[in-house]
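The structure appears below as structure tokens.
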Amino acid sequence: MLLGAQRFDPSLGAAVSELGVTGRIATITAGWQEREPEDEELAAHLGNRTVNLRLHARGDALFREDPALRDAHRERQGSLRHRQDFYRIRLEHELEADRVIRSRAAPPEILAEQSQASLDGIRELDQWHLALCARIRTEFESQWDLANRPSIVRHRAELAEILAGCDAIAIAGGHVATLVNRLVLFGIADLVQHRTVFAWSAGAMAISDRVVLFHDSPPQGPGASEILDAGLGLIPNVVVFPECERRLHLDRKDRVQRLVRRFEPALCLALPARSRVTWHNGVFSSAHDVMQLRATGRATPFMARARRSLVP
Amino acid sequence: MTARLAIHRLLDGRLDAARVQAFLNGRKFPIVEGTSVTFVWVGHADNVQLRHWIYGLESSNALIRAPGTDLWHLTLEIPHNSRVEYKYEVHRGGHSGWIEDPLNPNRARDPFGANSVLQSEGYEDPTWTNPDPVTRPGALEPFAFDSHALGRRTGHLYLPARFRRSRQYPLLVVHDGSDYLKYAGMKTVLDNLIHRLEIPDLIVAFTDSPDRLQEYANDERHARYVTEELVPDLAKRFPLYDRPQARCIMGASFGAVAALSTAYRYPGFWGRLLVQSGSFAFTDIGKRNRRGPLFDRVVEFVNQYRAQPRAVSERVFVSCGVYESLIYENRSMVPLLTATGMEVRFVEARDGHNWENWRDRLREGLSWLLPGPLMFIYE
């Protein structure tokens, strides 16, 4: 289940009840970074039947135990950060070109052709960056044999044991890059198995197959949405936009339209606070207050009852 | 039809002490009515002048005495969103003195004292410049450093709230550090911007100079001190990122010259520059700038840079007030900097050469140079 922000008016408890989860719930608050253990409110909200997987602290412990891996990991992160910087430079120029082209006066058929070309350029750049990140991660995992590296195998085994006693996993929001990092490092996607996953805000972004960073009005000027990396891919072909009420200008048709067309054919779902939607076997259901961003530039209530299949 | 100004309504009728008092009661001064701003001073004088620092306007404008009263007034057209610092020069009995406006509580302070501040229609103190009770404050501690290049140097070090040695931090070096802290409220600004996730947790070295006009004017010793001595020392003591993108140097006026000239001497080391109202005086012919000999070394440096501009950093944020004479020099620098391939952002404000102008541009500048985790955090 994907949920909107839970910080001020949590609806997670109701969602857990709705899906009939009665057993223990493993929580992941790694996105809170050093505040990871400060989860008393979350535990209480879920009836104190939670166990925190402590992925952030576990990562720190792992790196203390395995300094060679720590150094290599840090170097890889630096390398990814460089790539992200260069991707952003290109992206900002592509977006600016797109904006200029669309503001020009020209015969409609030429404008449409050129606008499509600039959009194709942006999409190609997004795909290229995504593929580059995937390659760097794959090479790292292979080079350091993460699947069989004793220091990691031990943690993964511990996590599997904890999860064996849990019916569900709740993945909180926070710093999405840190969260994805820890989820991937400890192979959480492989440990989910049949369990119900509740994921909100950054957690919802992290379990989709593509993490898109976005903010229409950051302090440094008009924001450019950018791809960070792949997510866990538990819900394919969806891009989620939590905190949309504060981060997106949903009334700006041009921006919404560009966002949707950029990530087509993925479904763009905006998750305001208290919103939620269930995904099961490739089908969405029980959507509450979720908005679907449309190619028309409008944001409309997501009609999950249409049971749209997202499996290609 | 435009409404008549308050001062004109007063002057329309018969003037006496009671009407003047009624005019003064409960009113904010200067009186801002659209773009018309009426300055008012009340008292016995032979002559009263408005003194301001708006480049392009007469720096001294006479107030007019309302007939038969002690009320002096002057109405000027001031655009929206402006901040103007001013004083009154009061002449009386063969003596004169510059005073702050007793009817206006707004003050801006600097190392030379204080000025009254006019805020025209639309201007508001940015919320992030005021202390916020929910913001966790960082720590500020004095430091002293024995420099081989310059001798003993002092300043303050800022560590963000929740500072942890297990993390890595960007470094910001601020020229005229104590003044930025005192007159631009920079600690409060840093606390707030970090709390709002608009800039990252960072370590800031607020450096001071006992002879800034010498050391900030393209002085090799200063560049060496900051780059080869201070930064390595801080890197030993604190977990700093070792990459240009995480090193920013900044300053205002001569401090901006120091930032650019330091980066110029160490190209590629300082990946981020923030220069505010830089004193980038230059000449197109000859070597002597109209600003006088204090600027000679600056002129030499800027002329050299203009002759052979080159990329010295990755990103440069330039800001300047349109009411200061340096707007010409700063506007002239922007295309030069841009042509080198550096990313340059230039911001103008309806403000002057003062600390509040520099304070008000910090959010946009710092968040562009050193973006915080705002794009990464979804609670």
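Each chain in the structure tokens gets a letter, A, B, ..., in the order shown, and its residues are numbered from 1; ligands are numbered from 1 in order too.
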Quick one: contact table of chain A to chain B, 7 Å max, nearest atom pair and distance in Å to one decimal per residue, counting only C-alpha atoms, chain and number order, as a Markdown table?
| residue | atom | partner | partner_atom | distance |
| --- | --- | --- | --- | --- |
| A:Ala5 | CA | B:Glu379 | CA | 5.8 |
| A:Arg7 | CA | B:Glu379 | CA | 6.4 |
| A:Gly173 | CA | B:Glu379 | CA | 4.6 |
| A:Gly174 | CA | B:Glu379 | CA | 4.8 |
| A:His175 | CA | B:Ile377 | CA | 4.3 |
| A:Val176 | CA | B:Phe376 | CA | 5.5 |
| A:Ala177 | CA | B:Phe376 | CA | 6.6 |
| A:Ser201 | CA | B:Tyr378 | CA | 5.3 |
| A:Ala202 | CA | B:Tyr378 | CA | 5.0 |
| A:Leu213 | CA | B:Met375 | CA | 5.7 |
| A:Phe214 | CA | B:Met375 | CA | 6.1 |
| A:His215 | CA | B:Met375 | CA | 6.5 |
| A:Pro219 | CA | B:Glu364 | CA | 6.0 |
| A:Gln220 | CA | B:Trp368 | CA | 5.0 |
| A:Pro242 | CA | B:Tyr378 | CA | 6.9 |
| A:Glu243 | CA | B:Tyr378 | CA | 7.0 |
For the residues in that selection, give me C-alpha atoms as a PDB file, in the first residue's frame.
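Output file out15.pdb is given in full below:
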ATOM      1  CA  ALA A   5       2.796  11.784   4.434  1.00  0.00           C
ATOM      2  CA  ARG A   7       3.951  13.156   9.916  1.00  0.00           C
ATOM      3  CA  GLY A 173       9.544   8.486   4.642  1.00  0.00           C
ATOM      4  CA  GLY A 174      12.599  10.650   5.187  1.00  0.00           C
ATOM      5  CA  HIS A 175      15.759  10.991   3.124  1.00  0.00           C
ATOM      6  CA  VAL A 176      14.942   9.000   0.032  1.00  0.00           C
ATOM      7  CA  ALA A 177      18.536   8.487  -1.125  1.00  0.00           C
ATOM      8  CA  SER A 201       6.329   9.437   1.287  1.00  0.00           C
ATOM      9  CA  ALA A 202       9.976   8.600   0.591  1.00  0.00           C
ATOM     10  CA  LEU A 213      13.148  14.035  -6.953  1.00  0.00           C
ATOM     11  CA  PHE A 214      10.856  16.998  -7.377  1.00  0.00           C
ATOM     12  CA  HIS A 215       9.959  20.420  -6.032  1.00  0.00           C
ATOM     13  CA  PRO A 219      14.447  28.592  -2.827  1.00  0.00           C
ATOM     14  CA  GLN A 220      17.043  28.654  -5.573  1.00  0.00           C
ATOM     15  CA  PRO A 242       4.241  12.576  -2.135  1.00  0.00           C
ATOM     16  CA  GLU A 243       3.740  15.930  -0.361  1.00  0.00           C
TER      17      GLU A 243
END
Requested in this report: Please run DSSP on the backbone and report, as a PyMOL selection string, all residues within stretch 40-249 of chain B that come out as strand (DSSP E).
Outcome: chain B and resi 40-42+47-52+60-62+64-65+71-77+83-92+95-99+107-110+113-119+139-147+151-159+171-174+203-207+247-249
DSSP on the backbone: what in stretch 7-201 of chain A comes out helix (DSSP H, G or I), as an mmCIF file with C-alpha atoms, in the first residue's frame?
data_model
loop_
_atom_site.group_PDB
_atom_site.id
_atom_site.type_symbol
_atom_site.label_atom_id
_atom_site.label_comp_id
_atom_site.auth_asym_id
_atom_site.auth_seq_id
_atom_site.Cartn_x
_atom_site.Cartn_y
_atom_site.Cartn_z
ATOM 1 C CA LEU A 12 -1.356 4.304 8.680
ATOM 2 C CA GLY A 13 -3.196 2.582 11.525
ATOM 3 C CA ALA A 14 -6.483 2.710 9.639
ATOM 4 C CA ALA A 15 -4.755 1.374 6.541
ATOM 5 C CA VAL A 16 -3.283 -1.537 8.481
ATOM 6 C CA SER A 17 -6.737 -2.363 9.828
ATOM 7 C CA GLU A 18 -8.242 -2.064 6.365
ATOM 8 C CA ALA A 30 16.301 4.393 7.827
ATOM 9 C CA GLY A 31 15.200 7.524 5.965
ATOM 10 C CA TRP A 32 15.243 9.306 9.311
ATOM 11 C CA GLN A 33 19.002 8.681 9.361
ATOM 12 C CA GLU A 34 20.453 9.265 12.839
ATOM 13 C CA ARG A 35 16.933 9.729 14.214
ATOM 14 C CA GLU A 40 8.072 5.673 19.677
ATOM 15 C CA GLU A 41 5.141 7.501 18.113
ATOM 16 C CA LEU A 42 5.124 5.209 15.121
ATOM 17 C CA ALA A 43 5.239 2.130 17.333
ATOM 18 C CA ALA A 44 2.418 3.440 19.504
ATOM 19 C CA HIS A 45 0.335 4.328 16.441
ATOM 20 C CA LEU A 55 18.748 -0.466 8.672
ATOM 21 C CA HIS A 56 20.558 2.824 9.135
ATOM 22 C CA ALA A 57 22.360 1.780 12.288
ATOM 23 C CA ARG A 58 22.904 -1.626 10.755
ATOM 24 C CA GLY A 59 24.595 0.037 7.799
ATOM 25 C CA ASP A 60 26.884 1.975 10.117
ATOM 26 C CA ALA A 61 27.727 -1.229 11.996
ATOM 27 C CA LEU A 62 28.388 -3.045 8.749
ATOM 28 C CA PHE A 63 30.804 -0.358 7.614
ATOM 29 C CA ARG A 64 32.597 -0.425 10.957
ATOM 30 C CA GLU A 65 33.007 -4.177 10.637
ATOM 31 C CA PRO A 67 36.112 -0.870 6.412
ATOM 32 C CA ALA A 68 37.182 -1.925 2.919
ATOM 33 C CA LEU A 69 33.545 -2.109 1.894
ATOM 34 C CA ARG A 70 32.888 1.210 3.633
ATOM 35 C CA ASP A 71 35.608 2.949 1.665
ATOM 36 C CA ALA A 72 34.487 1.431 -1.600
ATOM 37 C CA HIS A 73 30.882 2.303 -0.854
ATOM 38 C CA ARG A 74 31.804 5.867 -0.044
ATOM 39 C CA GLU A 75 33.764 6.110 -3.271
ATOM 40 C CA ARG A 76 30.831 4.751 -5.222
ATOM 41 C CA GLN A 77 28.497 7.248 -3.603
ATOM 42 C CA GLY A 78 30.878 10.039 -4.561
ATOM 43 C CA SER A 79 30.936 8.719 -8.100
ATOM 44 C CA LEU A 80 27.131 8.618 -8.233
ATOM 45 C CA ARG A 81 26.971 12.144 -6.845
ATOM 46 C CA HIS A 82 29.283 13.368 -9.613
ATOM 47 C CA ARG A 83 27.104 11.686 -12.201
ATOM 48 C CA GLN A 84 24.010 13.227 -10.656
ATOM 49 C CA ASP A 85 25.605 16.688 -10.863
ATOM 50 C CA PHE A 86 26.446 16.288 -14.521
ATOM 51 C CA TYR A 87 23.035 14.815 -15.306
ATOM 52 C CA ARG A 88 21.450 17.833 -13.612
ATOM 53 C CA ILE A 89 23.549 20.247 -15.684
ATOM 54 C CA ARG A 90 22.407 18.583 -18.901
ATOM 55 C CA LEU A 91 18.850 18.280 -17.686
ATOM 56 C CA GLU A 92 18.553 21.956 -16.790
ATOM 57 C CA HIS A 93 19.748 22.916 -20.261
ATOM 58 C CA GLU A 94 17.345 20.473 -21.915
ATOM 59 C CA LEU A 95 14.445 21.799 -19.847
ATOM 60 C CA GLU A 96 15.375 25.378 -20.628
ATOM 61 C CA ALA A 97 15.547 24.599 -24.341
ATOM 62 C CA ASP A 98 12.156 22.940 -24.055
ATOM 63 C CA ARG A 99 10.730 26.010 -22.332
ATOM 64 C CA VAL A 100 12.140 28.389 -24.929
ATOM 65 C CA ILE A 101 10.906 26.273 -27.824
ATOM 66 C CA ARG A 102 7.407 26.074 -26.400
ATOM 67 C CA SER A 103 7.270 29.829 -25.902
ATOM 68 C CA PRO A 108 1.631 24.760 -34.879
ATOM 69 C CA GLU A 109 2.937 21.710 -36.716
ATOM 70 C CA ILE A 110 6.520 22.931 -36.377
ATOM 71 C CA LEU A 111 6.032 23.761 -32.713
ATOM 72 C CA ALA A 112 4.534 20.322 -32.074
ATOM 73 C CA GLU A 113 7.399 18.625 -33.878
ATOM 74 C CA GLN A 114 10.082 20.610 -32.041
ATOM 75 C CA SER A 115 8.378 20.309 -28.687
ATOM 76 C CA GLN A 116 8.189 16.547 -29.139
ATOM 77 C CA ALA A 117 11.867 16.484 -30.067
ATOM 78 C CA SER A 118 12.866 18.352 -26.921
ATOM 79 C CA LEU A 119 10.693 16.058 -24.819
ATOM 80 C CA ASP A 120 12.308 13.035 -26.457
ATOM 81 C CA GLY A 121 15.697 14.502 -25.586
ATOM 82 C CA ILE A 122 14.715 14.833 -21.930
ATOM 83 C CA ARG A 123 13.321 11.317 -21.813
ATOM 84 C CA GLU A 124 16.428 9.947 -23.420
ATOM 85 C CA LEU A 125 18.605 11.753 -20.902
ATOM 86 C CA ASP A 126 16.501 10.385 -18.021
ATOM 87 C CA GLN A 127 16.828 6.857 -19.372
ATOM 88 C CA TRP A 128 20.528 7.258 -19.933
ATOM 89 C CA HIS A 129 21.071 8.426 -16.368
ATOM 90 C CA LEU A 130 18.934 5.657 -14.954
ATOM 91 C CA ALA A 131 20.870 3.075 -16.921
ATOM 92 C CA LEU A 132 24.175 4.584 -15.836
ATOM 93 C CA CYS A 133 23.198 4.420 -12.159
ATOM 94 C CA ALA A 134 22.054 0.827 -12.592
ATOM 95 C CA ARG A 135 25.325 -0.112 -14.242
ATOM 96 C CA ILE A 136 27.400 1.486 -11.485
ATOM 97 C CA ARG A 137 25.369 -0.314 -8.820
ATOM 98 C CA THR A 138 25.535 -3.652 -10.602
ATOM 99 C CA GLU A 139 29.266 -3.391 -11.110
ATOM 100 C CA PHE A 140 29.718 -2.527 -7.459
ATOM 101 C CA GLU A 141 27.615 -5.424 -6.267
ATOM 102 C CA SER A 142 29.477 -7.764 -8.542
ATOM 103 C CA GLN A 143 32.928 -6.441 -7.719
ATOM 104 C CA PRO A 150 30.098 -12.566 4.885
ATOM 105 C CA SER A 151 29.579 -9.214 6.587
ATOM 106 C CA ILE A 152 26.418 -8.601 4.572
ATOM 107 C CA VAL A 153 25.191 -12.168 4.481
ATOM 108 C CA ARG A 154 25.134 -12.189 8.275
ATOM 109 C CA HIS A 155 22.980 -9.060 8.432
ATOM 110 C CA ARG A 156 20.648 -10.310 5.733
ATOM 111 C CA ALA A 157 20.215 -13.552 7.625
ATOM 112 C CA GLU A 158 19.376 -11.634 10.780
ATOM 113 C CA LEU A 159 16.865 -9.554 8.912
ATOM 114 C CA ALA A 160 15.269 -12.625 7.367
ATOM 115 C CA GLU A 161 14.908 -14.108 10.811
ATOM 116 C CA ILE A 162 13.242 -10.990 12.180
ATOM 117 C CA LEU A 163 10.947 -10.783 9.185
ATOM 118 C CA ALA A 164 9.938 -14.390 9.588
ATOM 119 C CA VAL A 176 14.942 9.000 0.032
ATOM 120 C CA ALA A 177 18.536 8.487 -1.125
ATOM 121 C CA THR A 178 19.601 7.147 2.259
ATOM 122 C CA LEU A 179 16.528 4.966 2.405
ATOM 123 C CA VAL A 180 17.008 3.437 -1.042
ATOM 124 C CA ASN A 181 20.647 2.928 -0.263
ATOM 125 C CA ARG A 182 19.968 0.904 2.858
ATOM 126 C CA LEU A 183 17.070 -1.020 1.336
ATOM 127 C CA VAL A 184 19.271 -2.095 -1.554
ATOM 128 C CA LEU A 185 22.339 -2.770 0.576
ATOM 129 C CA ILE A 188 15.094 -5.924 1.331
ATOM 130 C CA ALA A 189 13.338 -6.495 -2.016
ATOM 131 C CA ASP A 190 14.222 -10.188 -1.770
ATOM 132 C CA LEU A 191 13.067 -10.416 1.827
ATOM 133 C CA VAL A 192 9.604 -8.932 1.322
#
Report task. For atom CA of B:Met250 and atom CA of B:Val275, quote the distance in Å rounded to one decimal. Result ->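 Value for the atom CA of B:Met250-atom CA of B:Val275 distance: 5.6 Å.
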Query raised in the report: Could you pull the residues within 7 Å of B:Ala149, counting only C-alpha atoms, minus those fewer than 6 positions along the same chain, as a list in words?
Result: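 Contacts, with the query itself left out: Arg221, Arg224 and Tyr225 of chain B.
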Can I get the selected residues back with N, CA and C atoms, as a compact mmCIF listing (two decimals), in the first residue's frame?
# COMPACT_ATOMS: atom_id res chain seq x y z
N ARG B 221 49.10 36.85 0.08
CA ARG B 221 49.24 36.26 1.42
C ARG B 221 47.89 35.80 1.96
N ARG B 224 46.78 32.64 0.26
CA ARG B 224 47.59 31.51 0.76
C ARG B 224 47.11 31.10 2.16
N TYR B 225 46.88 32.09 2.99
CA TYR B 225 46.40 31.80 4.34
C TYR B 225 45.11 30.98 4.31
Query raised in the report: So, counting only C-alpha atoms, which residue among B:Gly43, B:Gly151, B:Gly97, B:Gly255 is closest to B:Arg65?
Result: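 Checking each candidate against B:Arg65, we get B:Gly43 as the closest.
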Requested in this report: Compile the contact shell of stretch 15-20 of chain B as JSON, numbers by chain: residues with an atom at most 8 Å away, counting only C-alpha atoms, same-chain residues fewer than 2 positions apart removed.
Outcome: {"B": [10, 11, 13, 22, 23, 24, 67, 68, 69, 71]}
Query - Residues near B:Ala256, cut-off 8 Å, only C-alpha atoms, skip fewer than 3 positions along chain, as a list in words - result: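 Contacts, in chain order: His175, Met250, Gly251, Ala252, Ser253, Ala259, Leu260, Leu274, Val275, Gln276, Ser277, Gly278 and Ser279 of chain B.
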Requested in this report: Measure the distance from atom CA of A:Asp254 to atom CA of A:Gly223 in Å and round it to one decimal.
Outcome: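 Between these atoms lies a distance of 13.9 Å.
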Query - Residue nearest B:Gly34 - candidates B:Arg9, B:Arg4, B:Lys182, B:His156, atoms counted: only C-alpha atoms - result: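 Ranked by minimum distance to B:Gly34, first place goes to B:Arg4.
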Report task. Find the spatial neighbours of stretch 207-211 of chain A, counting only C-alpha atoms, within a cut-off of 8 Å - ignore same-chain residues fewer than 4 positions away - and output them as a PyMOL selection string. Result -> chain A and resi 199+203+227-240
